[in-house]
>>> print(open('query.txt').read())   # compact mmCIF, C-alpha atoms
# COMPACT_ATOMS: atom_id res chain seq x y z
CA MET K 1 0.00 0.00 0.00
CA ARG K 2 2.76 2.36 0.95
CA LYS K 3 4.61 1.31 -2.18
CA ALA K 4 1.64 2.30 -4.35
CA VAL K 5 1.44 5.65 -2.62
CA LYS K 6 5.10 6.27 -3.18
CA ILE K 7 4.76 5.42 -6.87
CA ALA K 8 1.81 7.82 -7.24
CA LEU K 9 3.68 10.57 -5.47
CA LEU K 10 6.62 10.07 -7.75
CA VAL K 11 4.44 10.18 -10.83
CA VAL K 12 2.81 13.39 -9.66
CA LEU K 13 6.13 14.97 -8.90
CA ALA K 14 7.47 13.89 -12.24
CA ALA K 15 4.45 15.35 -13.93
CA LEU K 16 4.88 18.55 -12.00
CA VAL K 17 8.53 18.76 -12.96
CA LEU K 18 7.58 18.16 -16.56
CA VAL K 19 4.93 20.82 -16.45
CA VAL K 20 7.26 23.27 -14.81
CA ALA K 21 9.99 22.41 -17.27
CA PHE K 22 7.70 22.79 -20.30
CA THR K 23 6.32 26.00 -18.91
CA LEU K 24 9.77 27.42 -18.37
CA VAL K 25 10.82 26.35 -21.84
CA GLY K 26 7.66 27.88 -23.30
CA HIS K 27 8.20 31.04 -21.33
CA PHE K 28 11.76 31.47 -22.49
CA THR K 29 10.94 30.56 -26.09
CA GLY K 30 7.95 32.94 -26.14
CA GLN K 31 5.29 30.27 -26.76
CA GLY K 32 3.60 30.63 -23.39
CA ASN K 33 2.22 27.84 -21.30
CA VAL K 34 1.77 24.88 -23.58
CA PHE K 35 -0.52 23.07 -21.22
CA THR K 36 -2.86 25.93 -20.54
CA ARG K 37 -2.95 26.76 -24.23
CA ALA K 38 -3.79 23.16 -24.99
CA PHE K 39 -6.55 23.26 -22.40
CA GLN K 40 -7.81 26.53 -23.73
CA THR K 41 -7.92 25.12 -27.25
CA ALA K 42 -9.76 22.03 -26.14
CA ALA K 43 -12.18 23.96 -24.02
CA ALA K 44 -12.75 26.75 -26.51
CA PRO K 45 -16.22 25.65 -27.74
CA VAL K 46 -17.53 25.11 -24.26
CA SER K 47 -15.90 28.30 -23.11
CA ALA K 48 -17.50 30.27 -25.91
CA LEU K 49 -20.88 28.79 -25.08
CA LEU K 50 -20.52 29.62 -21.43
CA ASP K 51 -19.29 33.08 -22.29
CA LYS K 52 -22.37 33.72 -24.39
CA ALA K 53 -24.61 32.44 -21.66
CA ALA K 54 -22.85 34.64 -19.17
CA LEU K 55 -23.18 37.59 -21.45
CA ARG K 56 -26.90 36.96 -21.76
CA LEU K 57 -27.17 36.63 -18.04
CA GLU K 58 -25.26 39.84 -17.57
CA ASP K 59 -27.50 41.61 -20.08
CA TYR K 60 -30.57 40.30 -18.32
CA HIS K 61 -29.20 41.36 -14.99
CA ALA K 62 -28.35 44.77 -16.37
CA TYR K 63 -31.86 44.96 -17.87
CA ILE K 64 -33.44 44.12 -14.54
CA HIS K 65 -31.09 46.38 -12.71
CA ASP K 66 -31.40 49.31 -15.12
CA PHE K 67 -35.12 48.96 -15.93
CA ASP K 68 -36.31 51.54 -13.46
CA GLU K 69 -33.51 53.84 -14.46
CA LEU K 70 -34.32 53.40 -18.16
CA LYS K 71 -37.99 53.86 -17.51
CA ALA K 72 -37.32 57.10 -15.68
CA GLU K 73 -34.96 58.17 -18.44
CA ASN K 74 -37.60 57.32 -21.05
CA GLU K 75 -40.19 59.36 -19.22
CA ALA K 76 -37.75 62.23 -18.96
CA MET K 77 -37.00 61.99 -22.67
CA LYS K 78 -40.70 61.92 -23.52
CA ALA K 79 -41.29 64.98 -21.38
CA ARG K 80 -38.34 66.67 -23.01
CA ILE K 81 -39.64 65.83 -26.50
CA ALA K 82 -43.09 67.14 -25.56
CA GLY K 83 -41.48 70.31 -24.23
CA MET K 84 -39.46 70.69 -27.41
CA ALA K 85 -42.57 70.15 -29.54
CA ALA K 86 -44.36 72.83 -27.51
CA GLU K 87 -41.39 75.12 -28.00
CA VAL K 88 -41.50 74.48 -31.74
CA ARG K 89 -45.21 75.29 -31.81
CA GLN K 90 -44.64 78.44 -29.77
CA SER K 91 -41.79 79.35 -32.03
CA GLN K 92 -43.99 78.88 -35.10
CA GLY K 93 -46.68 81.08 -33.52
CA ALA K 94 -44.07 83.65 -32.55
CA ASN K 95 -42.64 83.57 -36.06
CA ALA K 96 -46.08 84.18 -37.55
CA GLU K 97 -46.70 87.02 -35.10
CA ASN K 98 -43.24 88.40 -35.79
CA GLU K 99 -44.01 88.36 -39.50
CA ARG K 100 -47.28 90.20 -38.91
CA LEU K 101 -45.55 92.78 -36.73
CA ARG K 102 -42.80 93.28 -39.33
CA THR K 103 -45.45 93.93 -41.96
CA LEU K 104 -47.22 96.20 -39.52
CA LEU K 105 -43.96 98.10 -39.00
CA GLY K 106 -43.96 98.79 -42.72
CA LEU K 107 -47.54 100.03 -42.47
CA LYS K 108 -46.62 102.24 -39.53
CA ARG K 109 -43.71 103.70 -41.46
CA SER K 110 -45.94 104.58 -44.40
CA HIS K 111 -48.70 105.88 -42.11
CA THR K 112 -46.90 107.63 -39.29
CA ASP K 113 -50.18 109.21 -38.25
CA TYR K 114 -51.80 105.87 -37.34
CA VAL K 115 -52.11 105.11 -33.65
CA LEU K 116 -52.46 101.34 -33.76
CA LEU K 117 -53.49 98.76 -31.19
CA ASP K 118 -53.27 95.03 -31.74
CA ALA K 119 -56.10 92.73 -30.66
CA SER K 120 -57.00 89.07 -30.89
CA ILE K 121 -60.34 87.71 -32.01
CA ILE K 122 -62.15 86.02 -29.11
CA SER K 123 -65.22 84.69 -30.88
CA TRP K 124 -67.41 85.05 -33.93
CA GLY K 125 -71.11 85.86 -33.70
CA SER K 126 -73.34 82.93 -34.61
CA SER K 127 -76.00 85.03 -36.33
CA ASN K 128 -77.03 84.13 -39.85
CA TRP K 129 -77.95 87.74 -40.52
CA SER K 130 -74.76 89.59 -39.69
CA SER K 131 -71.00 89.24 -39.71
CA VAL K 132 -69.54 90.30 -36.38
CA PHE K 133 -66.80 89.17 -34.04
CA ASP K 134 -65.48 90.07 -30.61
CA ILE K 135 -61.96 91.17 -29.80
CA ASP K 136 -60.05 91.10 -26.52
CA LYS K 137 -59.51 94.86 -26.19
CA GLY K 138 -61.97 97.43 -24.89
CA THR K 139 -62.18 100.96 -23.58
CA PHE K 140 -59.55 100.09 -20.95
CA SER K 141 -57.06 99.86 -23.84
CA GLY K 142 -58.38 103.00 -25.49
CA VAL K 143 -60.83 101.41 -27.92
CA GLU K 144 -63.82 103.51 -28.94
CA VAL K 145 -66.91 102.86 -31.01
CA GLY K 146 -66.13 103.75 -34.62
CA ASP K 147 -62.48 102.70 -34.51
CA CYS K 148 -61.39 101.20 -37.77
CA VAL K 149 -60.10 97.60 -37.76
CA ILE K 150 -57.45 96.48 -40.23
CA THR K 151 -54.89 93.74 -40.80
CA GLU K 152 -51.12 94.20 -40.66
CA ASN K 153 -51.21 94.67 -44.46
CA GLY K 154 -53.57 97.62 -44.29
CA GLU K 155 -56.55 95.56 -45.45
CA LEU K 156 -59.87 96.75 -44.08
CA VAL K 157 -61.59 94.32 -41.69
CA GLY K 158 -64.41 96.38 -40.24
CA VAL K 159 -65.33 98.87 -37.57
CA VAL K 160 -65.89 98.73 -33.80
CA THR K 161 -69.61 98.90 -33.09
CA GLU K 162 -69.58 98.27 -29.34
CA ALA K 163 -66.80 98.80 -26.84
CA GLY K 164 -66.88 97.20 -23.42
CA LEU K 165 -64.24 97.60 -20.75
CA TYR K 166 -62.14 94.62 -21.81
CA SER K 167 -63.71 93.48 -25.09
CA SER K 168 -65.35 95.01 -28.13
CA SER K 169 -67.58 93.98 -31.02
CA VAL K 170 -66.45 94.49 -34.58
CA ARG K 171 -68.77 94.60 -37.57
CA THR K 172 -66.95 93.27 -40.62
CA LEU K 173 -66.99 94.98 -43.99
CA ILE K 174 -69.30 92.31 -45.46
CA ASP K 175 -72.02 92.79 -42.82
CA PRO K 176 -75.27 94.02 -44.42
CA GLN K 177 -75.14 97.13 -42.24
CA ALA K 178 -71.58 98.08 -43.21
CA ALA K 179 -71.05 100.98 -45.61
CA MET K 180 -67.95 103.00 -46.48
CA GLY K 181 -66.77 105.54 -48.98
CA ALA K 182 -64.72 103.80 -51.66
CA THR K 183 -62.60 104.64 -54.62
CA VAL K 184 -61.46 102.47 -57.52
CA HIS K 185 -57.68 102.71 -57.51
CA SER K 186 -57.02 102.55 -61.27
CA SER K 187 -59.65 105.08 -62.35
CA GLY K 188 -60.11 107.15 -59.20
CA LEU K 189 -63.85 106.55 -59.47
CA SER K 190 -65.73 107.30 -56.25
CA ALA K 191 -68.48 105.00 -55.02
CA VAL K 192 -69.88 103.41 -51.87
CA ALA K 193 -68.86 99.94 -50.76
CA GLU K 194 -71.55 98.35 -48.63
CA GLY K 195 -72.42 94.98 -47.22
CA ASP K 196 -75.17 93.10 -49.00
CA PHE K 197 -77.10 90.23 -47.43
CA ALA K 198 -77.21 88.24 -50.67
CA LEU K 199 -73.43 88.57 -51.07
CA MET K 200 -72.53 88.08 -47.40
CA GLY K 201 -72.90 84.31 -47.70
CA SER K 202 -70.16 84.22 -50.31
CA GLY K 203 -68.02 86.64 -48.30
CA GLN K 204 -68.34 89.55 -50.71
CA LEU K 205 -69.71 93.09 -50.66
CA LYS K 206 -71.23 95.49 -53.13
CA LEU K 207 -69.86 98.60 -54.79
CA THR K 208 -72.85 100.87 -55.36
CA TYR K 209 -73.64 104.38 -56.56
CA VAL K 210 -71.55 103.80 -59.65
CA PHE K 211 -72.64 105.74 -62.74
CA GLU K 212 -73.77 103.66 -65.69
CA ASN K 213 -70.99 104.83 -67.99
CA SER K 214 -68.24 104.62 -65.41
CA ALA K 215 -65.37 102.38 -66.33
CA LEU K 216 -65.26 99.38 -64.00
CA ASP K 217 -62.72 96.67 -64.78
CA LEU K 218 -62.59 93.29 -63.15
CA GLY K 219 -59.53 92.98 -60.94
CA ASP K 220 -59.46 96.68 -60.06
CA THR K 221 -58.40 97.37 -56.49
CA VAL K 222 -61.00 99.11 -54.36
CA LEU K 223 -59.74 101.36 -51.55
CA THR K 224 -61.39 103.43 -48.87
CA SER K 225 -61.84 107.01 -49.95
CA GLY K 226 -61.84 108.48 -46.46
CA ALA K 227 -65.23 110.08 -47.04
CA GLY K 228 -67.37 110.04 -43.92
CA GLY K 229 -64.45 110.22 -41.54
CA VAL K 230 -64.79 106.74 -40.07
CA TYR K 231 -62.28 104.99 -42.30
CA PRO K 232 -58.97 106.59 -43.26
CA ALA K 233 -58.29 106.86 -46.99
CA GLY K 234 -56.20 104.26 -48.78
CA LEU K 235 -57.13 101.10 -46.90
CA VAL K 236 -57.55 98.12 -49.18
CA ILE K 237 -61.15 96.91 -49.32
CA GLY K 238 -60.64 94.29 -52.02
CA THR K 239 -60.72 93.63 -55.73
CA LEU K 240 -63.56 93.99 -58.17
CA SER K 241 -64.71 90.49 -59.06
CA GLY K 242 -68.05 91.15 -60.74
CA ILE K 243 -70.12 93.85 -62.43
CA GLY K 244 -73.89 94.00 -62.74
CA ALA K 245 -76.74 96.35 -63.58
CA GLU K 246 -78.81 97.84 -60.77
CA GLU K 247 -82.52 97.04 -60.63
CA GLY K 248 -84.45 99.20 -63.04
CA GLY K 249 -81.35 99.83 -65.09
CA TYR K 250 -80.31 102.87 -63.05
CA GLY K 251 -76.56 102.57 -63.05
CA GLN K 252 -74.39 99.60 -62.32
CA TYR K 253 -72.84 97.94 -59.32
CA GLY K 254 -69.69 96.01 -58.66
CA VAL K 255 -69.08 92.92 -56.59
CA VAL K 256 -66.01 93.28 -54.40
CA THR K 257 -64.08 90.34 -52.98
CA PRO K 258 -62.42 91.53 -49.77
CA ALA K 259 -58.64 91.46 -49.58
CA VAL K 260 -58.84 90.17 -46.05
CA GLY K 261 -59.49 86.46 -45.47
CA LEU K 262 -62.06 86.75 -42.71
CA SER K 263 -62.29 83.03 -42.01
CA SER K 264 -58.59 82.73 -41.24
CA LEU K 265 -58.30 85.93 -39.26
CA SER K 266 -56.96 85.64 -35.70
CA GLN K 267 -55.23 88.95 -35.01
CA VAL K 268 -56.32 92.44 -36.04
CA PHE K 269 -55.15 96.00 -35.51
CA LEU K 270 -57.30 98.94 -34.51
CA ILE K 271 -56.62 102.45 -35.71
CA LEU K 272 -57.27 104.41 -32.55
CA ASP K 273 -56.41 107.72 -34.18
CA TYR K 274 -55.17 108.97 -37.53
CA GLY K 275 -54.39 112.24 -39.27
CA GLU K 276 -52.70 113.08 -42.56
CA THR K 277 -51.27 110.20 -44.59
CA GLU K 278 -47.54 110.38 -45.26
CA ASP K 279 -46.57 107.94 -47.94
CA GLU K 280 -42.92 107.11 -48.31
CA GLY K 281 -41.53 106.53 -51.79
CA MET G 1 -91.03 72.82 -1.99
CA LYS G 2 -88.26 75.35 -2.27
CA GLY G 3 -85.75 72.59 -2.94
CA GLU G 4 -87.81 71.21 -5.83
CA THR G 5 -88.22 74.64 -7.39
CA LEU G 6 -84.55 75.35 -6.96
CA ARG G 7 -83.58 71.99 -8.47
CA SER G 8 -85.86 72.59 -11.47
CA ALA G 9 -84.53 76.12 -11.92
CA LEU G 10 -80.99 74.84 -11.80
CA GLY G 11 -81.79 72.16 -14.38
CA VAL G 12 -83.38 74.64 -16.78
CA ALA G 13 -80.48 77.07 -16.29
CA VAL G 14 -77.96 74.35 -17.06
CA THR G 15 -79.93 73.43 -20.20
CA ALA G 16 -79.96 77.08 -21.27
CA VAL G 17 -76.24 77.47 -20.68
CA ILE G 18 -75.46 74.30 -22.65
CA CYS G 19 -77.64 75.58 -25.51
CA TRP G 20 -75.88 78.94 -25.32
CA PHE G 21 -72.50 77.25 -25.46
CA LEU G 22 -73.53 75.19 -28.49
CA GLN G 23 -75.08 78.17 -30.24
CA ALA G 24 -72.27 80.62 -29.49
CA ALA G 25 -69.17 78.46 -29.74
CA PHE G 26 -70.07 75.42 -31.78
CA PHE G 27 -72.46 76.75 -34.40
CA SER G 28 -70.60 80.03 -34.96
CA ARG G 29 -68.43 78.04 -37.39
CA LEU G 30 -70.45 74.93 -38.14
CA ARG G 31 -73.55 75.28 -40.25
CA ILE G 32 -76.54 72.98 -40.76
CA PHE G 33 -78.36 73.43 -44.08
CA GLY G 34 -76.15 76.51 -44.51
CA ALA G 35 -77.36 78.17 -41.32
CA ALA G 36 -76.61 78.24 -37.61
CA PRO G 37 -79.53 76.90 -35.55
CA LEU G 38 -81.28 78.85 -32.80
CA LEU G 39 -81.50 76.75 -29.66
CA LEU G 40 -82.29 79.17 -26.87
CA PRO G 41 -85.83 80.06 -28.05
CA LEU G 42 -86.62 76.34 -27.76
CA VAL G 43 -85.64 76.39 -24.08
CA ALA G 44 -87.85 79.42 -23.42
CA VAL G 45 -90.83 77.72 -25.13
CA GLY G 46 -90.24 74.53 -23.15
CA ALA G 47 -90.08 76.36 -19.83
CA GLY G 48 -93.27 78.26 -20.65
CA LEU G 49 -95.26 75.25 -21.81
CA LEU G 50 -94.10 72.72 -19.25
CA GLY G 51 -93.81 75.21 -16.41
CA SER G 52 -96.00 78.26 -16.05
CA PRO G 53 -96.24 81.83 -17.38
CA GLY G 54 -93.77 82.82 -14.63
CA TRP G 55 -91.34 80.11 -15.63
CA GLY G 56 -91.73 81.09 -19.30
CA GLY G 57 -91.11 84.76 -18.62
CA ALA G 58 -88.11 84.19 -16.35
CA VAL G 59 -86.45 81.57 -18.52
CA GLY G 60 -87.35 83.61 -21.62
CA LEU G 61 -85.48 86.57 -20.14
CA LEU G 62 -82.42 84.45 -19.37
CA CYS G 63 -82.49 82.78 -22.79
CA GLY G 64 -83.04 86.13 -24.51
CA ILE G 65 -79.98 87.66 -22.87
CA LEU G 66 -77.91 84.58 -23.73
CA CYS G 67 -79.25 84.53 -27.29
CA ASP G 68 -78.38 88.19 -27.91
CA ALA G 69 -74.93 87.51 -26.50
CA ALA G 70 -74.46 84.45 -28.71
CA LEU G 71 -75.53 86.26 -31.85
CA GLY G 72 -73.19 89.16 -31.11
CA SER G 73 -75.89 91.58 -32.10
CA GLY G 74 -75.56 93.64 -28.95
CA GLY G 75 -79.25 94.44 -29.17
CA LEU G 76 -82.22 93.52 -27.07
CA LEU G 77 -84.24 91.81 -29.76
CA PHE G 78 -84.28 88.33 -28.21
CA THR G 79 -84.16 89.60 -24.63
CA VAL G 80 -87.52 91.24 -25.18
CA ALA G 81 -88.95 88.76 -27.67
CA LEU G 82 -88.20 85.59 -25.70
CA THR G 83 -89.46 87.05 -22.44
CA VAL G 84 -92.77 87.90 -24.10
CA ILE G 85 -92.94 84.61 -25.99
CA GLY G 86 -92.05 82.59 -22.87
CA PHE G 87 -94.76 84.26 -20.85
CA PHE G 88 -97.32 83.90 -23.63
CA VAL G 89 -96.49 80.22 -24.17
CA GLY G 90 -96.82 79.71 -20.43
CA PHE G 91 -100.29 81.25 -20.59
CA LEU G 92 -101.23 78.97 -23.50
CA GLY G 93 -99.95 75.93 -21.62
CA GLU G 94 -101.89 76.91 -18.53
CA TYR G 95 -105.27 77.54 -20.15
CA VAL G 96 -105.37 76.55 -23.84
CA LEU G 97 -102.96 73.84 -24.96
CA ALA G 98 -102.12 70.39 -23.70
CA ARG G 99 -98.67 70.03 -22.16
CA GLY G 100 -97.15 67.54 -24.56
CA PHE G 101 -94.63 67.21 -27.33
CA PRO G 102 -97.07 68.02 -30.21
CA SER G 103 -97.94 71.36 -28.59
CA TYR G 104 -94.30 72.02 -27.87
CA ALA G 105 -93.24 71.24 -31.46
CA LEU G 106 -95.98 73.48 -32.86
CA LEU G 107 -95.13 76.37 -30.55
CA SER G 108 -91.41 75.94 -31.23
CA LEU G 109 -92.01 76.11 -34.96
CA GLY G 110 -94.05 79.28 -34.49
CA THR G 111 -91.37 80.82 -32.27
CA LEU G 112 -88.64 79.99 -34.75
CA ILE G 113 -90.60 81.54 -37.60
CA ILE G 114 -91.28 84.68 -35.53
CA SER G 115 -87.57 84.83 -34.60
CA ALA G 116 -86.51 84.62 -38.24
CA LEU G 117 -89.05 87.30 -39.25
CA LEU G 118 -87.83 89.60 -36.47
CA GLN G 119 -84.21 89.06 -37.51
CA MET G 120 -84.86 89.80 -41.17
CA PHE G 121 -87.12 92.78 -40.47
CA ARG G 122 -84.33 95.33 -39.97
CA LEU G 123 -82.47 94.21 -43.09
CA LEU G 124 -85.66 94.21 -45.13
CA VAL G 125 -86.83 97.64 -44.03
CA TYR G 126 -83.68 99.61 -43.33
CA ARG G 127 -81.14 97.98 -45.65
CA HIS G 128 -83.56 97.16 -48.47
CA ALA G 129 -82.18 93.64 -48.76
CA GLY G 130 -83.90 91.35 -51.23
CA ALA G 131 -86.78 89.37 -49.71
CA GLY G 132 -85.77 86.18 -51.52
CA PRO G 133 -82.38 85.64 -49.87
CA LEU G 134 -83.78 86.71 -46.50
CA LEU G 135 -86.67 84.23 -46.65
CA LEU G 136 -84.33 81.49 -47.80
CA MET G 137 -82.04 82.10 -44.86
CA GLY G 138 -85.03 82.22 -42.51
CA LEU G 139 -86.17 78.84 -43.84
CA ARG G 140 -82.69 77.35 -43.45
CA GLN G 141 -82.36 78.66 -39.90
CA THR G 142 -85.78 77.28 -38.95
CA LEU G 143 -85.01 73.88 -40.47
CA ALA G 144 -81.63 73.70 -38.73
CA SER G 145 -83.24 74.62 -35.41
CA ILE G 146 -86.09 72.11 -35.72
CA LEU G 147 -83.55 69.30 -35.47
CA PHE G 148 -82.99 70.25 -31.84
CA VAL G 149 -86.66 70.40 -30.81
CA LEU G 150 -86.82 66.89 -29.36
CA PRO G 151 -83.52 66.93 -27.39
CA VAL G 152 -84.31 70.34 -25.89
CA TYR G 153 -87.85 69.24 -25.02
CA LEU G 154 -86.57 66.16 -23.20
CA CYS G 155 -83.99 68.20 -21.29
CA VAL G 156 -86.47 70.86 -20.19
CA ARG G 157 -89.13 68.28 -19.30
CA ARG G 158 -86.66 66.39 -17.14
CA SER G 159 -85.54 69.61 -15.47
CA LEU G 160 -89.09 70.67 -14.64
CA ARG G 161 -90.32 67.22 -13.60
CA ALA G 162 -89.71 67.78 -9.88
CA TRP G 163 -91.49 71.12 -9.90
CA ARG G 164 -94.48 69.74 -11.83
CA ARG G 165 -94.89 66.82 -9.41
CA MET G 166 -94.74 69.17 -6.50
CA LYS G 167 -97.36 71.38 -8.09
CA GLU G 168 -99.67 68.43 -8.86
CA ARG G 169 -99.42 67.23 -5.26
CA LYS G 170 -100.34 70.70 -4.11
CA VAL G 171 -103.42 70.79 -6.38
CA ARG G 172 -104.65 67.41 -5.05
>>> encode(input="query.txt", output="structure tokens")
Amino acid sequence: MRKAVKIALLVVLAALVLVVAFTLVGHFTGQGNVFTRAFQTAAAPVSALLDKAALRLEDYHAYIHDFDELKAENEAMKARIAGMAAEVRQSQGANAENERLRTLLGLKRSHTDYVLLDASIISWGSSNWSSVFDIDKGTFSGVEVGDCVITENGELVGVVTEAGLYSSSVRTLIDPQAAMGATVHSSGLSAVAEGDFALMGSGQLKLTYVFENSALDLGDTVLTSGAGGVYPAGLVIGTLSGIGAEEGGYGQYGVVTPAVGLSSLSQVFLILDYGETEDEG
Amino acid sequence: MKGETLRSALGVAVTAVICWFLQAAFFSRLRIFGAAPLLLPLVAVGAGLLGSPGWGGAVGLLCGILCDAALGSGGLLFTVALTVIGFFVGFLGEYVLARGFPSYALLSLGTLIISALLQMFRLLVYRHAGAGPLLLMGLRQTLASILFVLPVYLCVRRSLRAWRRMKERKVR
């Protein structure tokens, strides 16, 4: 028994010496540990498999571990995206307003006498018989009944018919009760532009008191003449889009399509005061 | 007794405010048959017929103010007209007509026609607008409004149910 143990011990020692010897040889020859390399080569498939499994396990662990963090991050990102989208929308609105104000600046430069006030449309009247809307400015802001309402491009919108403390009612130029002195730009012909119930549905108004032989051409621009004192001269009413004969054959009338797009209107400007027009260039 | 009256008044007021909201905000852009419907006169008629002349007058006044506000006219046309109509309908309901949907529908139609005639009157007389387009618009407005007769009737009837029961108990 002892003999067998001695033999085994010798074998092990011999093996150890061999391993140490081969390792030293490999080390000095630059080939590394031959035995470990051999083991690594033999175990490579299993090792790769285990490595993949470990990687998966690590991923899963990381997933479990990081889930709450990722969730919170995702929520934060979503909130940030929503905020950025809101900023973009605000920016678009600001750009549009900026554009309107730039155009208005041009109008102010050409009409230095205009005292302007900007206002937003609150609501439109639901009547089938008139065309009116409310704005968010009233007497507190200096609005008075009879103030003229225009766009940033100097297009006529209407006139203030009622002024409360913080809101006012505006009658648009196509309302059947609206009437204003007008002039045809190309010919200088004077007439009266007035709302007509039959034309209100199609968003147009009528150019009346036009002499039968007066030259009216389709496409002519119709401006305010300033007669009557409510509307300053030179505001764009619209373009002549139709010509017809008055009932009984007494003269003719024109159909005017307003320059202002009433349905898409959101912001308007009130002329609180005006004097002489000073055109530049 | 006071609680039932108050509950009914609150119900009718809520109905009127909902109708005002629909008329002012919703139908200022959306059109039915090319016209915006009138809803508030229907509430005034309902309150008059199913309630009493007092109910009709009071609710007519409220609906008239709301209606003038919704139309943006700034006038008193409906404030006066609906108060009178509400009271008158209440009188008819008390002494002449049966309190049911047929009476309500008939009176609503009459009120809507009167409303359209009142609205076109100023344009016809002072602005010399053509009668044809005015009548056509009046017809469209009446037709658009008629669609809401049944829903408004049911709302007002439900609102006034408590008050009516209380009144019937009192009579017995």
>>> residues_around(input="query.txt", residues="G:Ile113", least_positions_apart="6", cutoff="10 Å", atoms="only C-alpha atoms", output="MDAnalysis selection string")
chainID G and resid 107 119 138:139 141:143
>>> residues_around(input="query.txt", residues="stretch 20-36 of chain G", least_positions_apart="5", cutoff="8 Å", atoms="all atoms listed in the file", output="PyMOL selection string")
(chain K and resi 123-128) or (chain G and resi 66-67+69-71+137+140-141+143-145)
>>> atom_distance(input="query.txt", atom1="atom CA of G:Gly64", atom2="atom CA of G:Arg157")
19.6 Å
>>> closest_atom_pairs(input="query.txt", of="chain K", to="chain G", cutoff="12 Å", atoms="all atoms listed in the file", output="JSON lines")
{"residue": "K:Ile122", "atom": "CA", "partner": "G:Ala25", "partner_atom": "CA", "distance": 10.3}
{"residue": "K:Ser123", "atom": "CA", "partner": "G:Ala25", "partner_atom": "CA", "distance": 7.5}
{"residue": "K:Trp124", "atom": "CA", "partner": "G:Ser28", "partner_atom": "CA", "distance": 6.0}
{"residue": "K:Gly125", "atom": "CA", "partner": "G:Gly72", "partner_atom": "CA", "distance": 4.7}
{"residue": "K:Ser126", "atom": "CA", "partner": "G:Ser28", "partner_atom": "CA", "distance": 4.0}
{"residue": "K:Ser127", "atom": "CA", "partner": "G:Leu71", "partner_atom": "CA", "distance": 4.7}
{"residue": "K:Asn128", "atom": "CA", "partner": "G:Ala35", "partner_atom": "CA", "distance": 6.1}
{"residue": "K:Trp129", "atom": "CA", "partner": "G:Gln119", "partner_atom": "CA", "distance": 7.1}
{"residue": "K:Ser130", "atom": "CA", "partner": "G:Ser73", "partner_atom": "CA", "distance": 7.9}
{"residue": "K:Ser131", "atom": "CA", "partner": "G:Gly72", "partner_atom": "CA", "distance": 8.9}
{"residue": "K:Val132", "atom": "CA", "partner": "G:Gly72", "partner_atom": "CA", "distance": 6.5}
{"residue": "K:Phe133", "atom": "CA", "partner": "G:Gly72", "partner_atom": "CA", "distance": 7.0}
{"residue": "K:Asp134", "atom": "CA", "partner": "G:Gly72", "partner_atom": "CA", "distance": 7.8}
{"residue": "K:Ile135", "atom": "CA", "partner": "G:Gly72", "partner_atom": "CA", "distance": 11.5}
{"residue": "K:Val160", "atom": "CA", "partner": "G:Gly74", "partner_atom": "CA", "distance": 12.0}
{"residue": "K:Thr161", "atom": "CA", "partner": "G:Gly74", "partner_atom": "CA", "distance": 9.0}
{"residue": "K:Glu162", "atom": "CA", "partner": "G:Gly74", "partner_atom": "CA", "distance": 7.6}
{"residue": "K:Ala163", "atom": "CA", "partner": "G:Gly74", "partner_atom": "CA", "distance": 10.4}
{"residue": "K:Gly164", "atom": "CA", "partner": "G:Gly74", "partner_atom": "CA", "distance": 10.9}
{"residue": "K:Ser168", "atom": "CA", "partner": "G:Gly72", "partner_atom": "CA", "distance": 10.2}
{"residue": "K:Ser169", "atom": "CA", "partner": "G:Gly72", "partner_atom": "CA", "distance": 7.4}
{"residue": "K:Val170", "atom": "CA", "partner": "G:Gly72", "partner_atom": "CA", "distance": 9.3}
{"residue": "K:Arg171", "atom": "CA", "partner": "G:Ser73", "partner_atom": "CA", "distance": 9.5}
{"residue": "K:Asp175", "atom": "CA", "partner": "G:Leu123", "partner_atom": "CA", "distance": 10.5}
{"residue": "K:Pro176", "atom": "CA", "partner": "G:Arg127", "partner_atom": "CA", "distance": 7.2}
{"residue": "K:Gln177", "atom": "CA", "partner": "G:Arg127", "partner_atom": "CA", "distance": 7.0}
{"residue": "K:Ala178", "atom": "CA", "partner": "G:Arg127", "partner_atom": "CA", "distance": 9.9}
{"residue": "K:Ala179", "atom": "CA", "partner": "G:Arg127", "partner_atom": "CA", "distance": 10.5}
{"residue": "K:Glu194", "atom": "CA", "partner": "G:Arg127", "partner_atom": "CA", "distance": 10.0}
{"residue": "K:Gly195", "atom": "CA", "partner": "G:Arg127", "partner_atom": "CA", "distance": 9.4}
{"residue": "K:Asp196", "atom": "CA", "partner": "G:Ala129", "partner_atom": "CA", "distance": 7.0}
{"residue": "K:Phe197", "atom": "CA", "partner": "G:Ala129", "partner_atom": "CA", "distance": 6.3}
{"residue": "K:Ala198", "atom": "CA", "partner": "G:Pro133", "partner_atom": "CA", "distance": 5.8}
{"residue": "K:Leu199", "atom": "CA", "partner": "G:Pro133", "partner_atom": "CA", "distance": 9.5}
{"residue": "K:Met200", "atom": "CA", "partner": "G:Pro133", "partner_atom": "CA", "distance": 10.4}
{"residue": "K:Gly201", "atom": "CA", "partner": "G:Gly34", "partner_atom": "CA", "distance": 9.0}
{"residue": "K:Ser202", "atom": "CA", "partner": "G:Gly34", "partner_atom": "CA", "distance": 11.4}
{"residue": "K:Lys206", "atom": "CA", "partner": "G:Ala129", "partner_atom": "CA", "distance": 11.9}
{"residue": "K:Glu247", "atom": "CA", "partner": "G:Gly130", "partner_atom": "CA", "distance": 11.1}
{"residue": "K:Ser263", "atom": "CA", "partner": "G:Arg29", "partner_atom": "CA", "distance": 9.2}
{"residue": "K:Ser264", "atom": "CA", "partner": "G:Arg29", "partner_atom": "CA", "distance": 11.6}
